[in-house]
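All remarks here apply to the structure that follows.
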Amino acid sequence: MRIAAFNVENLFNRARALDQRTWSAGRPVLEAYERICALLEEPVYDETTQREILRELGRLGLRNGDTAKFARLRQNRGRLLRRSRDGKVTVVAEGRASWIGWVELTTDRCDELALEHTARVLRDVRADIVGVIEAESRFALKRFADAGVVADGRPRYPHVMVVDGNDERGIDVGVLSAAGYPLVGQQSHVDDVDHVGRVFSRDCAEYHFRSPRGTRVAVLVNHFKSKGYGGKVASDAIRRRQAVRVAEIYRGLVASGIEHVTVVGDLNDTPESEPLAPLLSGTDLRDISAHPGFEDGGRPGTYGYCTARNKLDYVLLSPALYSAARGGGIFRRGVWGGKRGTLWPIYSTMTAAVHAGSDHAAIYADIDLD
């Protein structure tokens with residue numbers, strides 16, 4: 001059995017602010033977007049909240065109109081704002097219940113050749129179960145898999161699942177599994193809370209599969225809070241809370257008698273980082289990267305230049321799975337190798353960075369359950 005994690009960076013449409021070519025402009029947009037979404041959920045828009053709403057709308061270019069380069073204001077029923085002819089803009093909604101609407105990020109179509117390379121990575125890795133990061137929806141992932149990841153004339157992954165998470169940008173986590181590994185159970189953790197509030201930026205999606213020999217395997221798919229925007233202290237604290245909660249979910253599964261558990265996905269931090277310690281040091285989960293049969297091509301990272309500081313993607317295994325592991329690896333052919341694309345072998349049809357299947361490599365573990 002091969003288990004993989006792969007950040008596909010959306011399949012058909014991606015928020016314009018997430019385009020790395022416009023990152024200098026996109027980063028403040030994402031920060032403003034995160035803040036405005038929180039402000040608009042307030043039950044009462046007092047004077048302080050109104051001032052903050054107007055400030056963040058200004059950062060998004062939405063004070064004077066509902067559409068801007070990176071964002072759009074939807075006012076479907078009732079009104080959030082009054083824009084006077086003299087240029088004055090006022091928040092007229094009294095709170096969340098007094099209008100129906102939201103702010104959304106504008107999207108661009110993903111490059112068609114990049115989409116083919118994303119599919120090619122999955123065809124070449126040939127995993128039986130794939131934790132998919134940054135998929136827009138189940139329909140998008142299923143259409144992509146049915147058309148692009150085919151073996152012997154049939155879709156390699158007949159089992160496709162994505163549950164909408166807490167990220168309003170359309171970057172959810174999901175799973176693909178081959179015919180011999182049917183999905184037999186699932187649970188979402190989007191509403192899990194701790195002493196601070198809601199825990200997961202996306203979800204810790206819990207999927208259960210049955211192997212051809214009848215073994216039950218639980219897969220926890222994660223995409224932790226990014227370090228790309230917002231303050232370091234705040235984002236570190238969120239990732240630590242997420243690591244703590246995933247560790248609790250893992251221990252609960254083991255206590256219920258499920259021995260074969262794996263945590264996969266983009267955890268957005270390095271193995272020695274303090275935020276990931278509750279998961280990597282506080283449990284008996286083992287990183288497949290530490291297995292003597294693991295091949296990393298001389299680079300331990302999975303993102304960007306794939307140095308040690310760019311080790312962000314994981315396949316963590318319970319003792320029962322790790323003892324059955326025979327090795328694993330990092331597959332980088334779909335990642336543009338540095339500024340010129342030459343740091344490692346890539347697909348010959350990738351002639352520019354925009355053609356990359358992802359800026360994350362796929363990581364996988366090979367396990368012999370027999």
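Scheme for the structure tokens: letters A, B, ... for chains in order shown; per-chain residue numbers from 1; ligand numbers from 1 in order shown.
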
Could you give me, as a list in words, the residues within 10 Å of A:Ser235, counting only C-alpha atoms and dropping anything in the same chain fewer than 5 positions from it? Phe224, Lys225, Ser226, Lys227, Gly228, Tyr229, Gly230, Arg240, Arg241 and Pro275 of chain A

Filtered DSSP result for stretch 159-201 of chain A, state strand (DSSP E or B), as an MDAnalysis selection string: chainID A and resid 159:162 172:177 183:187 193 198

Write out as JSON lines the residues of stretch 150-201 of chain A that have any atom within 12 Å of an atom of stretch 249-259 of chain A, one row each with the nearest atom pair and its distance in Å to one decimal, counting only C-alpha atoms, sorted by chain and then rising number.
{"residue": "A:Gln187", "atom": "CA", "partner": "A:Ile249", "partner_atom": "CA", "distance": 11.0}
{"residue": "A:Ser188", "atom": "CA", "partner": "A:Ile249", "partner_atom": "CA", "distance": 11.3}
{"residue": "A:His189", "atom": "CA", "partner": "A:Ile249", "partner_atom": "CA", "distance": 9.4}
{"residue": "A:Asp192", "atom": "CA", "partner": "A:Ile249", "partner_atom": "CA", "distance": 10.4}

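Interatomic distance, atom CA of A:Arg16 to atom CA of A:Val173: 19.5 Å.
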
Which residues, written as a count of residues only, have at least one atom at most 6 Å from stretch 305-311 of chain A, with only C-alpha atoms counted and residues fewer than 4 positions away on the same chain left out? 5

Spatial neighbours of stretch 49-63 of chain A, max dist 8 Å, only C-alpha atoms, sep filter under 3 positions, as a PyMOL selection string: chain A and resi 28-29+32-33+35-36+39-40+45-46+66-73+89-91

Could you please write out, as a ChimeraX atom specification, every residue of stretch 98-267 of chain A that DSSP assigns to alpha helix (DSSP H)? /A:112-125,138-148,232-255

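Each of A:Leu105, A:Ala97, A:Leu30, A:Ile367 was checked against A:Arg74 using only C-alpha atoms; the smallest atom-to-atom distance is that of A:Leu105.
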
Given only C-alpha atoms as the counted atoms, nearest of A:Leu316, A:Pro292, A:Ser98, A:Asp368 to A:Arg213: A:Asp368

Hey, what's within 12 Å of A:Leu113 if we count only C-alpha atoms and toss same-chain stuff fewer than 2 positions away? As a PDB file with N, CA and C atoms, in the first residue's frame, please?
ATOM      1  N   LEU A  11      -7.181  23.260  -8.576  1.00  0.00           N
ATOM      2  CA  LEU A  11      -7.163  22.502  -9.813  1.00  0.00           C
ATOM      3  C   LEU A  11      -7.615  23.318 -11.017  1.00  0.00           C
ATOM      4  N   PHE A  12      -8.665  24.092 -10.856  1.00  0.00           N
ATOM      5  CA  PHE A  12      -9.206  24.830 -11.991  1.00  0.00           C
ATOM      6  C   PHE A  12      -9.210  26.340 -11.771  1.00  0.00           C
ATOM      7  N   ARG A 109      -8.260  31.412 -13.760  1.00  0.00           N
ATOM      8  CA  ARG A 109      -8.168  30.019 -14.186  1.00  0.00           C
ATOM      9  C   ARG A 109      -6.725  29.541 -14.052  1.00  0.00           C
ATOM     10  N   CYS A 110      -6.559  28.314 -13.612  1.00  0.00           N
ATOM     11  CA  CYS A 110      -5.229  27.737 -13.512  1.00  0.00           C
ATOM     12  C   CYS A 110      -4.709  27.392 -14.906  1.00  0.00           C
ATOM     13  N   ASP A 111      -3.397  27.434 -15.073  1.00  0.00           N
ATOM     14  CA  ASP A 111      -2.775  27.136 -16.349  1.00  0.00           C
ATOM     15  C   ASP A 111      -3.084  25.691 -16.756  1.00  0.00           C
ATOM     16  N   LEU A 115      -2.128  22.027 -14.985  1.00  0.00           N
ATOM     17  CA  LEU A 115      -3.123  21.030 -14.584  1.00  0.00           C
ATOM     18  C   LEU A 115      -2.726  19.639 -15.065  1.00  0.00           C
ATOM     19  N   GLU A 116      -2.221  19.557 -16.302  1.00  0.00           N
ATOM     20  CA  GLU A 116      -1.769  18.269 -16.822  1.00  0.00           C
ATOM     21  C   GLU A 116      -0.596  17.738 -16.004  1.00  0.00           C
ATOM     22  N   HIS A 117       0.300  18.627 -15.583  1.00  0.00           N
ATOM     23  CA  HIS A 117       1.442  18.176 -14.784  1.00  0.00           C
ATOM     24  C   HIS A 117       1.000  17.725 -13.389  1.00  0.00           C
ATOM     25  N   THR A 118      -0.016  18.370 -12.840  1.00  0.00           N
ATOM     26  CA  THR A 118      -0.566  17.921 -11.559  1.00  0.00           C
ATOM     27  C   THR A 118      -1.086  16.490 -11.682  1.00  0.00           C
ATOM     28  N   ALA A 119      -1.834  16.237 -12.765  1.00  0.00           N
ATOM     29  CA  ALA A 119      -2.357  14.893 -13.000  1.00  0.00           C
ATOM     30  C   ALA A 119      -1.217  13.902 -13.239  1.00  0.00           C
ATOM     31  N   ARG A 120      -0.185  14.351 -13.941  1.00  0.00           N
ATOM     32  CA  ARG A 120       0.928  13.453 -14.247  1.00  0.00           C
ATOM     33  C   ARG A 120       1.655  13.029 -12.974  1.00  0.00           C
ATOM     34  N   GLY A 148      -8.209  13.026 -15.732  1.00  0.00           N
ATOM     35  CA  GLY A 148      -6.765  13.169 -15.850  1.00  0.00           C
ATOM     36  C   GLY A 148      -5.926  12.093 -15.212  1.00  0.00           C
ATOM     37  N   GLY A 334       7.202  17.436 -10.767  1.00  0.00           N
ATOM     38  CA  GLY A 334       6.193  18.439 -11.084  1.00  0.00           C
ATOM     39  C   GLY A 334       6.442  19.784 -10.445  1.00  0.00           C
ATOM     40  N   TYR A 347       9.671  17.502 -15.498  1.00  0.00           N
ATOM     41  CA  TYR A 347       9.072  17.077 -16.757  1.00  0.00           C
ATOM     42  C   TYR A 347       9.573  17.959 -17.902  1.00  0.00           C
ATOM     43  N   SER A 348       9.866  17.358 -19.038  1.00  0.00           N
ATOM     44  CA  SER A 348      10.410  18.106 -20.173  1.00  0.00           C
ATOM     45  C   SER A 348       9.431  19.139 -20.709  1.00  0.00           C
ATOM     46  N   THR A 349       8.142  18.937 -20.464  1.00  0.00           N
ATOM     47  CA  THR A 349       7.128  19.884 -20.936  1.00  0.00           C
ATOM     48  C   THR A 349       6.956  21.079 -20.008  1.00  0.00           C
ATOM     49  N   MET A 350       7.650  21.095 -18.885  1.00  0.00           N
ATOM     50  CA  MET A 350       7.636  22.250 -17.983  1.00  0.00           C
ATOM     51  C   MET A 350       8.745  23.205 -18.415  1.00  0.00           C
ATOM     52  N   THR A 351       8.377  24.243 -19.168  1.00  0.00           N
ATOM     53  CA  THR A 351       9.370  25.180 -19.684  1.00  0.00           C
ATOM     54  C   THR A 351       9.346  26.532 -18.971  1.00  0.00           C
ATOM     55  N   ALA A 352       8.460  26.678 -17.997  1.00  0.00           N
ATOM     56  CA  ALA A 352       8.380  27.910 -17.204  1.00  0.00           C
ATOM     57  C   ALA A 352       7.747  27.567 -15.862  1.00  0.00           C
ATOM     58  N   ALA A 353       8.003  28.418 -14.881  1.00  0.00           N
ATOM     59  CA  ALA A 353       7.497  28.149 -13.536  1.00  0.00           C
ATOM     60  C   ALA A 353       5.984  28.028 -13.495  1.00  0.00           C
ATOM     61  N   VAL A 354       5.294  28.764 -14.363  1.00  0.00           N
ATOM     62  CA  VAL A 354       3.834  28.740 -14.361  1.00  0.00           C
ATOM     63  C   VAL A 354       3.297  27.373 -14.776  1.00  0.00           C
ATOM     64  N   HIS A 355       4.137  26.543 -15.398  1.00  0.00           N
ATOM     65  CA  HIS A 355       3.700  25.215 -15.839  1.00  0.00           C
ATOM     66  C   HIS A 355       3.819  24.163 -14.744  1.00  0.00           C
ATOM     67  N   ALA A 356       4.363  24.509 -13.595  1.00  0.00           N
ATOM     68  CA  ALA A 356       4.557  23.525 -12.530  1.00  0.00           C
ATOM     69  C   ALA A 356       3.228  22.954 -12.067  1.00  0.00           C
ATOM     70  N   GLY A 357       3.239  21.661 -11.786  1.00  0.00           N
ATOM     71  CA  GLY A 357       2.031  21.035 -11.264  1.00  0.00           C
ATOM     72  C   GLY A 357       1.688  21.529  -9.877  1.00  0.00           C
ATOM     73  N   SER A 358       2.692  21.967  -9.133  1.00  0.00           N
ATOM     74  CA  SER A 358       2.518  22.514  -7.790  1.00  0.00           C
ATOM     75  C   SER A 358       3.857  23.083  -7.355  1.00  0.00           C
TER      76      SER A 358
END

What is the atom CA of A:Gly87-atom CA of A:Trp102 distance in Å, reported with one decimal?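 Atom-to-atom, atom CA of A:Gly87 and atom CA of A:Trp102 are spaced 22.2 Å apart.
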
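The shortest atom-to-atom distance to A:Ser137, with only C-alpha atoms taken into account, belongs to A:Val160 out of A:Val121, A:Val160, A:Ala5, A:Val149.
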
Could you make a table, as a Markdown table, of the residues of stretch 264-325 of chain A that have an atom within 10 Å of an atom of stretch 215-220 of chain A, each with its nearest atom pair and distance in Å to one decimal, counting only C-alpha atoms, in chain and number order?
| residue | atom | partner | partner_atom | distance |
| --- | --- | --- | --- | --- |
| A:Val264 | CA | A:Leu220 | CA | 6.1 |
| A:Gly265 | CA | A:Leu220 | CA | 8.3 |
| A:Val315 | CA | A:Val219 | CA | 9.8 |
| A:Leu316 | CA | A:Leu220 | CA | 9.6 |
| A:Leu317 | CA | A:Val219 | CA | 9.6 |
| A:Leu321 | CA | A:Val217 | CA | 9.1 |

For N, CA, C and O atoms, I'd like the residues from the last selection saved as a PDB file, in the first residue's frame.
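Wrote part-v1.pdb, looks like this:
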ATOM      1  N   VAL A 264      -1.501  12.923   7.409  1.00  0.00           N
ATOM      2  CA  VAL A 264      -0.839  13.376   6.188  1.00  0.00           C
ATOM      3  C   VAL A 264      -1.226  14.819   5.899  1.00  0.00           C
ATOM      4  O   VAL A 264      -2.262  15.305   6.343  1.00  0.00           O
ATOM      5  N   GLY A 265      -0.358  15.488   5.121  1.00  0.00           N
ATOM      6  CA  GLY A 265      -0.720  16.813   4.644  1.00  0.00           C
ATOM      7  C   GLY A 265       0.378  17.842   4.772  1.00  0.00           C
ATOM      8  O   GLY A 265       1.536  17.534   5.078  1.00  0.00           O
ATOM      9  N   VAL A 315       3.975  12.535   5.920  1.00  0.00           N
ATOM     10  CA  VAL A 315       3.207  11.307   6.111  1.00  0.00           C
ATOM     11  C   VAL A 315       3.679  10.750   7.445  1.00  0.00           C
ATOM     12  O   VAL A 315       4.795  10.231   7.559  1.00  0.00           O
ATOM     13  N   LEU A 316       2.859  10.902   8.475  1.00  0.00           N
ATOM     14  CA  LEU A 316       3.181  10.422   9.819  1.00  0.00           C
ATOM     15  C   LEU A 316       2.432   9.112  10.058  1.00  0.00           C
ATOM     16  O   LEU A 316       1.235   9.016   9.760  1.00  0.00           O
ATOM     17  N   LEU A 317       3.115   8.126  10.622  1.00  0.00           N
ATOM     18  CA  LEU A 317       2.557   6.784  10.745  1.00  0.00           C
ATOM     19  C   LEU A 317       2.495   6.333  12.202  1.00  0.00           C
ATOM     20  O   LEU A 317       3.426   6.569  12.976  1.00  0.00           O
ATOM     21  N   LEU A 321       1.694   0.997  11.552  1.00  0.00           N
ATOM     22  CA  LEU A 321       1.993   1.274  10.152  1.00  0.00           C
ATOM     23  C   LEU A 321       3.491   1.435   9.928  1.00  0.00           C
ATOM     24  O   LEU A 321       4.034   0.957   8.925  1.00  0.00           O
TER      25      LEU A 321
END
